[in-house]
$ cat coords27.txt   # compact mmCIF, C-alpha atoms and all ligand atoms
# COMPACT_ATOMS: atom_id res chain seq x y z
CA MET A 1 0.00 0.00 0.00
CA THR A 2 1.47 3.34 -1.05
CA ASN A 3 -0.94 5.70 0.68
CA ALA A 4 -1.13 5.48 4.43
CA PHE A 5 -4.00 7.09 6.26
CA PHE A 6 -3.51 8.32 9.77
CA PHE A 7 -6.08 9.16 12.37
CA SER A 8 -5.02 10.70 15.68
CA GLY A 9 -1.47 9.61 14.85
CA ARG A 10 -2.42 5.97 14.32
CA GLU A 11 -2.25 4.23 10.97
CA LEU A 12 -5.63 2.87 9.91
CA THR A 13 -6.28 -0.58 8.51
CA ASP A 14 -7.85 -1.08 5.07
CA GLU A 15 -10.99 -2.19 6.80
CA GLU A 16 -11.25 0.99 8.82
CA ILE A 17 -10.60 3.16 5.78
CA LEU A 18 -13.22 1.44 3.70
CA LYS A 19 -15.80 1.34 6.43
CA PRO A 20 -17.11 4.88 5.96
CA LEU A 21 -17.73 4.07 2.30
CA ASP A 22 -19.93 1.15 3.23
CA LEU A 23 -22.93 1.59 0.98
CA HIS A 24 -25.25 0.75 3.85
CA HIS A 25 -24.52 4.27 4.98
CA PHE A 26 -25.78 5.81 1.77
CA THR A 27 -29.16 6.15 0.17
CA VAL A 28 -28.82 6.19 -3.60
CA ARG A 29 -31.48 7.84 -5.74
CA PRO A 30 -31.68 8.80 -9.41
CA GLY A 31 -31.07 12.52 -10.01
CA LEU A 32 -34.31 12.83 -11.97
CA SER A 33 -37.50 10.95 -11.20
CA GLU A 34 -39.64 9.41 -13.98
CA THR A 35 -42.03 12.40 -14.20
CA PRO A 36 -39.34 13.97 -14.54
CA GLN A 37 -38.72 15.96 -11.39
CA CYS A 38 -35.25 17.07 -10.35
CA GLN A 39 -34.55 15.43 -7.01
CA ARG A 40 -32.27 18.24 -5.93
CA CYS A 41 -34.35 21.37 -6.66
CA GLY A 42 -37.83 19.97 -7.33
CA ASN A 43 -38.09 21.53 -10.81
CA THR A 44 -40.67 19.84 -13.09
CA THR A 45 -40.71 22.20 -16.08
CA ASN A 46 -37.24 23.46 -16.95
CA PHE A 47 -35.24 20.68 -18.66
CA SER A 48 -33.02 20.23 -21.68
CA SER A 49 -31.30 17.23 -23.24
CA HIS A 50 -27.91 16.51 -24.77
CA PRO A 51 -25.76 13.63 -25.95
CA CYS A 52 -24.26 12.61 -22.61
CA ALA A 53 -20.51 12.00 -22.30
CA ARG A 54 -21.00 9.95 -19.14
CA CYS A 55 -23.59 7.38 -20.24
CA GLY A 56 -23.34 7.73 -24.03
CA LYS A 57 -27.11 8.25 -24.41
CA ILE A 58 -29.29 11.28 -24.97
CA CYS A 59 -29.73 12.49 -21.41
CA THR A 60 -32.26 14.91 -19.95
CA TYR A 61 -30.86 17.39 -17.45
CA CYS A 62 -32.22 20.04 -15.07
CA ARG A 63 -31.60 23.63 -16.13
CA ASN A 64 -32.98 25.11 -12.92
CA CYS A 65 -30.11 24.21 -10.59
CA ILE A 66 -27.33 23.79 -13.14
CA GLU A 67 -25.05 26.36 -11.48
CA MET A 68 -24.54 23.79 -8.71
CA GLY A 69 -23.44 21.12 -11.18
CA LYS A 70 -25.51 19.19 -13.72
CA ILE A 71 -28.20 16.76 -12.56
CA SER A 72 -29.19 14.49 -15.46
CA SER A 73 -31.15 11.26 -15.94
CA CYS A 74 -28.00 9.21 -15.40
CA THR A 75 -26.89 11.12 -12.27
CA LYS A 76 -27.05 9.28 -8.97
CA LEU A 77 -27.58 11.23 -5.80
CA TYR A 78 -25.94 9.83 -2.69
CA ARG A 79 -27.15 10.76 0.72
CA TRP A 80 -25.21 9.91 3.85
CA ASN A 81 -27.51 8.21 6.34
CA GLY A 82 -24.87 6.93 8.71
CA PRO A 83 -24.25 8.46 12.11
CA GLU A 84 -23.86 12.24 12.19
CA PRO A 85 -20.57 13.64 13.48
CA ALA A 86 -20.86 14.15 17.24
CA HIS A 87 -21.25 17.76 18.30
CA SER A 88 -19.02 19.40 20.83
CA GLU A 89 -20.55 19.27 24.28
CA LYS A 90 -20.28 23.03 24.35
CA ALA A 91 -21.96 23.53 20.95
CA GLY A 92 -24.87 25.38 22.54
CA ARG A 93 -22.81 27.60 24.86
CA LEU A 94 -24.28 31.06 24.53
CA ASN A 95 -21.93 34.04 24.71
CA TRP A 96 -24.51 36.79 24.97
CA SER A 97 -25.18 39.10 27.87
CA GLY A 98 -27.89 41.32 26.38
CA THR A 99 -31.39 41.50 27.76
CA LEU A 100 -34.58 40.92 25.85
CA SER A 101 -37.37 43.49 25.62
CA ALA A 102 -40.78 42.37 26.88
CA GLY A 103 -41.90 41.71 23.31
CA GLN A 104 -38.72 39.78 22.49
CA HIS A 105 -39.04 37.74 25.66
CA THR A 106 -42.49 36.42 24.73
CA ALA A 107 -41.31 35.57 21.22
CA SER A 108 -38.16 33.91 22.56
CA GLU A 109 -40.18 31.61 24.85
CA ASN A 110 -42.57 30.71 22.02
CA VAL A 111 -39.67 29.94 19.67
CA LEU A 112 -38.04 27.76 22.33
CA ARG A 113 -41.27 25.82 22.82
CA ALA A 114 -41.73 25.28 19.07
CA ILE A 115 -38.12 24.07 18.78
CA GLN A 116 -38.58 21.64 21.66
CA ASN A 117 -41.89 20.35 20.28
CA GLY A 118 -40.73 20.18 16.67
CA SER A 119 -43.60 22.45 15.65
CA GLU A 120 -44.08 25.59 13.56
CA HIS A 121 -44.05 29.20 14.75
CA THR A 122 -43.95 32.61 13.08
CA VAL A 123 -42.37 35.69 14.60
CA TRP A 124 -43.83 38.89 13.14
CA ALA A 125 -41.46 41.57 14.39
CA VAL A 126 -41.21 45.15 13.14
CA ALA A 127 -37.89 46.15 11.56
CA GLY A 128 -35.45 46.79 14.39
CA ALA A 129 -37.40 44.77 16.98
CA GLY A 130 -34.35 42.53 17.35
CA LYS A 131 -35.68 39.30 15.90
CA THR A 132 -32.32 37.54 15.73
CA GLU A 133 -31.94 37.74 19.54
CA VAL A 134 -35.31 36.05 19.86
CA LEU A 135 -33.74 32.91 18.38
CA PHE A 136 -30.72 32.55 20.68
CA LYS A 137 -32.34 30.64 23.54
CA GLY A 138 -34.06 28.12 21.26
CA MET A 139 -30.96 27.66 19.13
CA ALA A 140 -28.78 27.11 22.20
CA ALA A 141 -31.19 24.48 23.53
CA ALA A 142 -31.24 22.70 20.18
CA LEU A 143 -27.44 22.71 19.80
CA SER A 144 -26.92 21.52 23.37
CA GLY A 145 -29.34 18.67 22.62
CA GLY A 146 -27.21 17.55 19.66
CA LYS A 147 -29.59 18.94 17.08
CA ARG A 148 -28.66 20.54 13.76
CA VAL A 149 -29.86 24.08 13.16
CA CYS A 150 -30.12 26.06 9.94
CA LEU A 151 -30.84 29.77 9.67
CA ALA A 152 -31.80 30.52 6.06
CA ALA A 153 -32.46 33.87 4.39
CA PRO A 154 -33.33 34.67 0.78
CA ARG A 155 -30.52 37.18 0.28
CA ALA A 156 -26.75 36.78 0.43
CA ASP A 157 -26.24 40.22 2.07
CA VAL A 158 -28.36 39.07 4.98
CA VAL A 159 -26.46 35.78 5.27
CA ARG A 160 -23.13 37.63 5.31
CA GLU A 161 -24.44 39.90 8.07
CA LEU A 162 -25.90 37.10 10.21
CA ALA A 163 -22.94 34.69 10.13
CA PRO A 164 -20.44 36.84 12.10
CA ARG A 165 -23.14 37.78 14.61
CA LEU A 166 -23.90 34.13 15.30
CA SER A 167 -20.18 33.28 15.46
CA ALA A 168 -19.84 35.79 18.29
CA VAL A 169 -22.87 34.41 20.09
CA PHE A 170 -21.99 30.71 19.63
CA PRO A 171 -18.17 30.82 19.85
CA ASP A 172 -17.88 27.01 20.00
CA THR A 173 -20.05 26.55 16.91
CA PRO A 174 -19.15 29.35 14.47
CA PRO A 175 -21.51 28.75 11.54
CA PRO A 176 -20.29 28.56 7.96
CA ALA A 177 -22.04 31.09 5.70
CA LEU A 178 -23.40 29.48 2.55
CA TYR A 179 -24.18 31.63 -0.49
CA GLY A 180 -23.26 31.46 -4.17
CA GLY A 181 -19.44 31.54 -4.34
CA SER A 182 -18.94 31.35 -0.58
CA PRO A 183 -15.65 29.79 0.58
CA ASP A 184 -17.42 27.78 3.34
CA ARG A 185 -19.37 25.42 1.12
CA HIS A 186 -17.93 22.12 2.29
CA VAL A 187 -17.64 22.75 6.01
CA TYR A 188 -19.69 20.54 8.32
CA SER A 189 -21.22 22.27 11.32
CA PRO A 190 -24.25 21.67 13.52
CA LEU A 191 -25.15 25.33 12.89
CA ILE A 192 -25.22 26.90 9.44
CA VAL A 193 -26.38 30.18 7.93
CA SER A 194 -27.42 29.83 4.32
CA THR A 195 -29.25 31.46 1.47
CA THR A 196 -32.45 29.58 0.64
CA HIS A 197 -30.81 28.79 -2.73
CA GLN A 198 -27.96 26.86 -1.15
CA LEU A 199 -30.40 24.61 0.72
CA PHE A 200 -30.68 22.50 -2.43
CA ARG A 201 -27.49 20.87 -1.19
CA PHE A 202 -29.23 19.33 1.82
CA THR A 203 -31.73 16.52 2.23
CA GLU A 204 -33.40 15.87 5.58
CA ALA A 205 -30.45 17.40 7.38
CA PHE A 206 -31.87 19.82 9.96
CA ASP A 207 -33.84 19.39 13.18
CA VAL A 208 -34.50 23.13 13.31
CA MET A 209 -35.12 25.18 10.20
CA ILE A 210 -35.43 28.94 10.60
CA VAL A 211 -36.42 31.01 7.58
CA ASP A 212 -35.70 34.72 7.93
CA GLU A 213 -37.47 37.33 5.77
CA VAL A 214 -39.98 34.73 4.65
CA ASP A 215 -42.00 37.32 2.73
CA ALA A 216 -38.98 38.43 0.68
CA PHE A 217 -38.23 38.02 -2.97
CA PRO A 218 -37.14 35.55 -4.33
CA TYR A 219 -38.46 33.13 -1.72
CA THR A 220 -42.15 34.01 -2.10
CA PHE A 221 -42.06 33.88 -5.89
CA ASP A 222 -39.88 30.84 -6.42
CA LEU A 223 -41.60 27.57 -5.52
CA SER A 224 -38.34 25.66 -5.87
CA LEU A 225 -36.90 27.62 -2.92
CA GLN A 226 -39.87 26.60 -0.79
CA TYR A 227 -39.23 23.03 -1.93
CA ALA A 228 -35.57 23.44 -0.93
CA VAL A 229 -36.55 24.46 2.61
CA GLN A 230 -38.91 21.49 3.00
CA LYS A 231 -36.35 19.05 1.57
CA ALA A 232 -33.50 20.29 3.78
CA ARG A 233 -35.40 19.77 7.05
CA LYS A 234 -35.92 16.44 8.72
CA LYS A 235 -39.39 14.92 8.60
CA LYS A 236 -39.74 15.64 12.29
CA SER A 237 -38.31 19.10 12.79
CA ALA A 238 -39.18 22.57 14.00
CA LEU A 239 -39.91 25.31 11.50
CA ILE A 240 -39.57 28.95 12.53
CA TYR A 241 -40.50 31.81 10.23
CA LEU A 242 -39.38 35.41 10.76
CA THR A 243 -40.97 38.37 9.03
CA ALA A 244 -41.40 42.12 9.49
CA THR A 245 -43.98 42.46 6.75
CA PRO A 246 -46.04 39.29 6.29
CA GLU A 247 -47.98 38.86 3.09
CA PRO A 248 -51.73 39.61 3.26
CA SER A 249 -52.63 35.89 3.28
CA TRP A 250 -50.26 35.28 6.21
CA LYS A 251 -51.74 38.24 8.10
CA GLU A 252 -55.19 36.69 7.64
CA ASP A 253 -53.98 33.31 8.89
CA ILE A 254 -52.33 34.92 11.91
CA LYS A 255 -55.47 36.91 12.79
CA SER A 256 -57.73 33.88 12.43
CA GLY A 257 -55.35 31.75 14.50
CA LYS A 258 -54.60 29.34 11.64
CA ARG A 259 -50.96 30.27 11.89
CA GLU A 260 -49.35 30.34 15.31
CA ALA A 261 -47.43 33.59 15.68
CA THR A 262 -45.95 36.15 18.05
CA LEU A 263 -46.19 39.82 17.11
CA ILE A 264 -43.53 42.27 18.32
CA PRO A 265 -44.89 45.71 17.36
CA ALA A 266 -42.05 47.76 18.88
CA ARG A 267 -38.31 48.07 18.64
CA TYR A 268 -36.12 46.79 21.46
CA HIS A 269 -34.90 50.33 22.26
CA ARG A 270 -38.51 51.42 23.01
CA HIS A 271 -38.55 54.30 20.51
CA PRO A 272 -41.35 54.41 17.94
CA LEU A 273 -40.73 53.52 14.30
CA PRO A 274 -39.90 56.59 12.19
CA VAL A 275 -42.99 57.55 10.20
CA PRO A 276 -42.19 58.43 6.56
CA LYS A 277 -42.89 61.93 5.32
CA MET A 278 -44.23 62.33 1.80
CA SER A 279 -42.71 65.00 -0.41
CA TRP A 280 -43.89 65.80 -3.94
CA CYS A 281 -40.86 66.29 -6.19
CA GLY A 282 -42.31 66.73 -9.67
CA ASN A 283 -41.28 64.65 -12.69
CA TRP A 284 -38.08 63.18 -11.30
CA LYS A 285 -37.56 61.00 -14.40
CA LYS A 286 -36.74 64.25 -16.22
CA THR A 287 -34.84 66.03 -13.47
CA ILE A 288 -33.24 62.78 -12.09
CA VAL A 289 -32.10 64.61 -8.96
CA PRO A 290 -34.95 67.04 -8.17
CA ASP A 291 -34.07 70.08 -6.06
CA PRO A 292 -35.66 68.79 -2.82
CA VAL A 293 -33.66 65.55 -3.20
CA GLN A 294 -30.42 67.41 -3.82
CA LYS A 295 -31.08 69.56 -0.75
CA TRP A 296 -31.84 66.46 1.33
CA VAL A 297 -28.61 64.72 0.22
CA LYS A 298 -26.50 67.78 1.07
CA GLU A 299 -27.86 67.79 4.63
CA LYS A 300 -26.99 64.15 5.31
CA GLN A 301 -23.89 62.57 6.80
CA LYS A 302 -25.09 59.00 6.39
CA ALA A 303 -27.97 58.09 4.13
CA LEU A 304 -29.50 55.54 1.81
CA LEU A 305 -31.19 56.89 -1.30
CA PHE A 306 -33.44 54.40 -3.08
CA TYR A 307 -34.18 54.55 -6.80
CA PRO A 308 -36.63 52.25 -8.60
CA HIS A 309 -34.32 51.41 -11.53
CA ILE A 310 -30.61 51.01 -12.13
CA GLU A 311 -30.71 53.34 -15.14
CA THR A 312 -32.10 56.39 -13.30
CA MET A 313 -29.92 55.60 -10.31
CA GLU A 314 -26.71 55.64 -12.37
CA LYS A 315 -27.69 58.98 -13.95
CA ALA A 316 -28.36 60.34 -10.46
CA LEU A 317 -25.00 59.08 -9.27
CA SER A 318 -23.02 61.08 -11.82
CA ARG A 319 -24.88 64.26 -10.71
CA LEU A 320 -24.49 63.54 -7.00
CA LYS A 321 -20.76 62.80 -7.36
CA GLU A 322 -20.51 66.58 -7.91
CA VAL A 323 -21.94 67.11 -4.43
CA ASP A 324 -19.54 64.61 -2.85
CA GLU A 325 -17.32 62.27 -4.83
CA ARG A 326 -17.47 59.61 -2.10
CA ILE A 327 -21.16 58.98 -2.92
CA GLU A 328 -21.64 55.52 -4.45
CA SER A 329 -24.38 53.31 -5.90
CA VAL A 330 -25.13 49.60 -5.61
CA HIS A 331 -27.48 47.11 -7.26
CA ALA A 332 -27.99 43.33 -7.37
CA GLY A 333 -25.55 42.65 -10.23
CA ASP A 334 -22.84 45.01 -8.96
CA PRO A 335 -19.54 43.09 -8.73
CA LEU A 336 -18.48 45.33 -5.83
CA ARG A 337 -21.78 44.95 -3.96
CA LYS A 338 -20.24 43.24 -0.94
CA GLU A 339 -17.38 45.75 -0.68
CA LYS A 340 -19.70 48.76 -0.99
CA VAL A 341 -22.08 47.47 1.68
CA GLU A 342 -19.08 46.98 3.98
CA ALA A 343 -17.74 50.48 3.18
CA MET A 344 -21.17 51.93 3.97
CA ARG A 345 -21.17 50.11 7.29
CA ARG A 346 -17.69 51.45 8.13
CA GLY A 347 -18.92 54.96 7.36
CA SER A 348 -16.62 55.68 4.41
CA ILE A 349 -19.56 56.26 2.04
CA PRO A 350 -21.77 59.21 3.11
CA VAL A 351 -24.70 58.50 0.79
CA LEU A 352 -25.33 55.18 -0.92
CA LEU A 353 -27.73 55.07 -3.86
CA THR A 354 -29.43 51.72 -4.09
CA THR A 355 -32.16 49.71 -5.73
CA THR A 356 -34.53 47.70 -3.54
CA ILE A 357 -31.76 45.13 -2.83
CA LEU A 358 -30.93 46.98 0.38
CA GLU A 359 -34.56 47.39 1.43
CA ARG A 360 -34.21 44.80 4.19
CA GLY A 361 -31.87 42.76 6.32
CA VAL A 362 -29.02 45.25 6.46
CA THR A 363 -28.29 47.60 9.34
CA PHE A 364 -26.33 50.84 9.10
CA PRO A 365 -26.47 52.60 12.48
CA GLY A 366 -27.57 56.23 12.31
CA VAL A 367 -28.73 56.14 8.71
CA ASP A 368 -31.39 58.40 7.17
CA VAL A 369 -33.45 57.11 4.28
CA ALA A 370 -35.16 58.55 1.24
CA VAL A 371 -36.92 57.09 -1.77
CA VAL A 372 -36.96 58.86 -5.11
CA GLY A 373 -39.96 57.92 -7.25
CA ALA A 374 -41.80 56.27 -4.36
CA GLU A 375 -44.85 55.90 -6.62
CA ASP A 376 -43.06 53.30 -8.78
CA ARG A 377 -44.64 49.87 -8.59
CA VAL A 378 -41.45 48.22 -7.30
CA PHE A 379 -42.14 50.10 -4.06
CA THR A 380 -44.91 47.94 -2.67
CA GLU A 381 -46.41 48.51 0.77
CA SER A 382 -44.04 45.99 2.35
CA ALA A 383 -40.99 47.30 0.44
CA LEU A 384 -41.70 50.81 1.77
CA VAL A 385 -42.23 49.55 5.33
CA GLN A 386 -38.91 47.70 5.10
CA ILE A 387 -37.11 50.71 3.65
CA ALA A 388 -38.45 52.98 6.41
CA GLY A 389 -37.30 50.28 8.84
CA ARG A 390 -33.63 50.94 7.95
CA ALA A 391 -33.75 54.23 9.93
CA GLY A 392 -33.33 54.62 13.69
CA ARG A 393 -32.45 51.01 14.42
CA SER A 394 -29.66 51.47 16.94
CA ALA A 395 -30.15 52.49 20.55
CA ALA A 396 -27.49 55.20 20.10
CA CYS A 397 -29.40 56.73 17.13
CA PRO A 398 -33.01 55.60 17.68
CA THR A 399 -34.60 58.20 15.41
CA GLY A 400 -34.13 58.87 11.75
CA ASP A 401 -35.45 60.82 8.83
CA VAL A 402 -37.52 58.93 6.22
CA VAL A 403 -38.78 60.77 3.14
CA LEU A 404 -40.79 59.42 0.21
CA PHE A 405 -40.14 61.76 -2.74
CA HIS A 406 -42.89 61.18 -5.28
CA TYR A 407 -44.67 62.34 -8.43
CA GLY A 408 -48.14 61.28 -7.24
CA LYS A 409 -49.12 59.34 -4.11
CA THR A 410 -50.01 55.66 -4.42
CA GLU A 411 -52.17 53.33 -2.37
CA ALA A 412 -49.01 51.43 -1.38
CA MET A 413 -47.42 54.59 0.04
CA VAL A 414 -50.52 55.47 2.05
CA ARG A 415 -50.89 51.92 3.39
CA ALA A 416 -47.20 51.69 4.32
CA VAL A 417 -47.45 54.86 6.43
CA GLU A 418 -50.68 53.58 7.99
CA GLN A 419 -49.06 50.21 8.83
CA ILE A 420 -46.14 51.92 10.58
CA LYS A 421 -48.48 54.17 12.57
CA GLN A 422 -50.58 51.17 13.53
CA MET A 423 -47.54 49.30 14.88
CA ASN A 424 -46.58 52.39 16.91
CA ARG A 425 -50.13 52.50 18.36
CA LEU A 426 -49.95 48.79 19.24
CA GLY A 427 -46.53 49.25 20.81
CA ARG A 428 -47.87 52.11 22.92
CA ASP A 429 -51.02 50.20 23.93
CA ARG A 430 -48.93 47.25 25.08
CA GLY A 431 -46.55 49.43 27.05
CA LEU A 432 -43.60 48.62 24.77
CA LEU A 433 -42.74 52.25 24.01
CA ASP A 434 -41.45 55.09 26.17
CA GLY A 435 -43.05 58.53 26.02
ZN ZN B 501 -32.58 20.80 -10.44
ZN ZN B 502 -26.10 10.51 -19.13
$ encode --input "coords27.txt" --output "structure tokens" --more "lines below"
Ligand SMILES: [Zn+2]
Ligand SMILES: [Zn+2]
Amino acid sequence: MTNAFFFSGRELTDEEILKPLDLHHFTVRPGLSETPQCQRCGNTTNFSSHPCARCGKICTYCRNCIEMGKISSCTKLYRWNGPEPAHSEKAGRLNWSGTLSAGQHTASENVLRAIQNGSEHTVWAVAGAGKTEVLFKGMAAALSGGKRVCLAAPRADVVRELAPRLSAVFPDTPPPALYGGSPDRHVYSPLIVSTTHQLFRFTEAFDVMIVDEVDAFPYTFDLSLQYAVQKARKKKSALIYLTATPEPSWKEDIKSGKREATLIPARYHRHPLPVPKMSWCGNWKKTIVPDPVQKWVKEKQKALLFYPHIETMEKALSRLKEVDERIESVHAGDPLRKEKVEAMRRGSIPVLLTTTILERGVTFPGVDVAVVGAEDRVFTESALVQIAGRAGRSAACPTGDVVLFHYGKTEAMVRAVEQIKQMNRLGRDRGLLDG
């Protein structure tokens, strides 16, 4: 034998080396079912075929999940069903000394109960309520009990923000962050943070599945992502949903009691949510940076400025660079997206122009927010509530300026303002706000 394998300094026998490959420890399935349905992503409609180099036949393959490697009719999928790696005894050790608000405390207890019972629970928490902290106790209990936990979010920016936070809180179980192109893809851990896309890699892996921003694009519009979440969790597992702006059908189900949920109507720092002001700015598609917008930008040290389209945003950027050359813009396909978001967080960009990609999930302490062209249909009620929710999140800067610059009010704008006011009323009624 030329290759020797060592384990803890001891040379292993052939038998020991081959043991983990024992096929009893694998379930083997075809990559595509007869129908066909892709057994990785659940796609039933998006296929193509080609002369296959592997089997020499004309093979059908899935186009939906091809960026993760081709699944074709001759592909076999192997799933490990042997024993799971043992977790560290300290996996659930919680390094967190913060205190929960009254609203967070109720949610935290309900999440813990759902995790222990393997049931479903939704946390409806306004932006800035501190919904991540609501998970800590339940996650710690699960990890200490040897369970595997996944926190999934539709967007990579959110995953990149959550992973370091959880690493600090669970220092013995720092979670790998899984997103397209992430370096952590092949790390095993009892705790992972992942985009919903990357969940295609898992089958019946998690005892606790937490889906953050469950109302967000692309999750709500892409059935294969919902399939991915269901496939990645064990048959008996807990399912926790987090949302700041549930869809109308979810709201109905919560009100009627069909969906078990905890509502946190107030932020942890006990200040009300900033209520957006509406400001008519004329035909901004012509002026690009209308005077009131220019004035607003000049007054700000740290601000997000939302535009409905990349094209108008890029035109606005070249004008605003004349105000301050450090002003930048970002959009979904921007190759420097990650770097710009980090620079904004560090404070080296005073005003960041953005499309709706930064409407949720990200926190920039002390930021003011404005929307140009708030009447555009990309700014739905929930998008506007989320955007307004970027302001005043930190205890050090609990207030913030939110302006909707528009060329004609829409129903969505009016409802968004009403929703925010309603949450502030609820927060006051329940004694969750000061003053
Ligand atoms: Zn597929
Ligand atoms: Zn083939």
$ residues_near_ligand --input "coords27.txt" --ligand "ligand ZN 501 (chain B)" --cutoff "9 Å" --atoms "all atoms listed in the file" --output "PyMOL selection string"
chain A and resi 31-32+37-44+46-47+61-66+68+70-72+200+224
$ axis_aligned_box --input "coords27.txt" --around "range 362-372 of chain A" --padding-each-side "8 Å" --output "lines of an AutoDock Vina configuration file"
center_x = -31.6
center_y = 52.1
center_z = 3.7
size_x = 26.6
size_y = 29.6
size_z = 33.6
$ residues_around --input "coords27.txt" --residues "Leu320 in chain A" --least-positions-apart "5" --cutoff "12 Å" --atoms "all atoms listed in the file" --output "list in words"
Ile288, Val289, Pro290, Asp291, Val293, Gln294, Lys295, Trp296, Val297, Lys298, Leu305, Met313, Glu314, Lys315, Glu325, Arg326, Ile327, Glu328, Ser329, Pro350, Val351, Leu352 and Leu353 of chain A
$ residues_near_ligand --input "coords27.txt" --ligand "ligand ZN 502 (chain B)" --cutoff "6 Å" --atoms "all atoms listed in the file" --output "ChimeraX atom specification"
/A:52,54-55,57,59,74
$ residues_around --input "coords27.txt" --residues "Ile254 in chain A" --least-positions-apart "6" --cutoff "12 Å" --atoms "all atoms listed in the file" --output "list in words"
His121, Thr122, Val123, Trp124, Pro246, Glu247, Pro248, Glu260, Ala261, Thr262 and Leu263 of chain A
$ atom_distance --input "coords27.txt" --atom1 "CA of Val417 in chain A" --atom2 "CA of Val362 in chain A"
20.8 Å
$ residues_near_point --input "coords27.txt" --point "(-36.4, 33.3, 20.3)" --cutoff "6 Å" --atoms "only C-alpha atoms" --output "number ranges by chain"
A: 107-108, 111, 134-138
$ closest_residue --input "coords27.txt" --among "A:Thr287, A:Pro164, A:Ser48, A:Asp253" --to "Arg319 in chain A" --atoms "all atoms listed in the file"
A:Thr287
$ atom_distance --input "coords27.txt" --atom1 "CA of Ser97 in chain A" --atom2 "CA of Pro154 in chain A"
28.6 Å
$ closest_residue --input "coords27.txt" --among "A:Asp172, A:Glu204, A:Glu299, A:Glu252" --to "Val229 in chain A" --atoms "all atoms listed in the file"
A:Glu204
$ residues_around --input "coords27.txt" --residues "Arg360 in chain A" --least-positions-apart "3" --cutoff "12 Å" --atoms "all atoms listed in the file" --output "number ranges by chain"
A: 126-128, 153-159, 161, 212-217, 243-245, 304, 354-357, 363-364, 382-391
$ atom_distance --input "coords27.txt" --atom1 "CA of Pro276 in chain A" --atom2 "CA of Ala152 in chain A"
29.8 Å
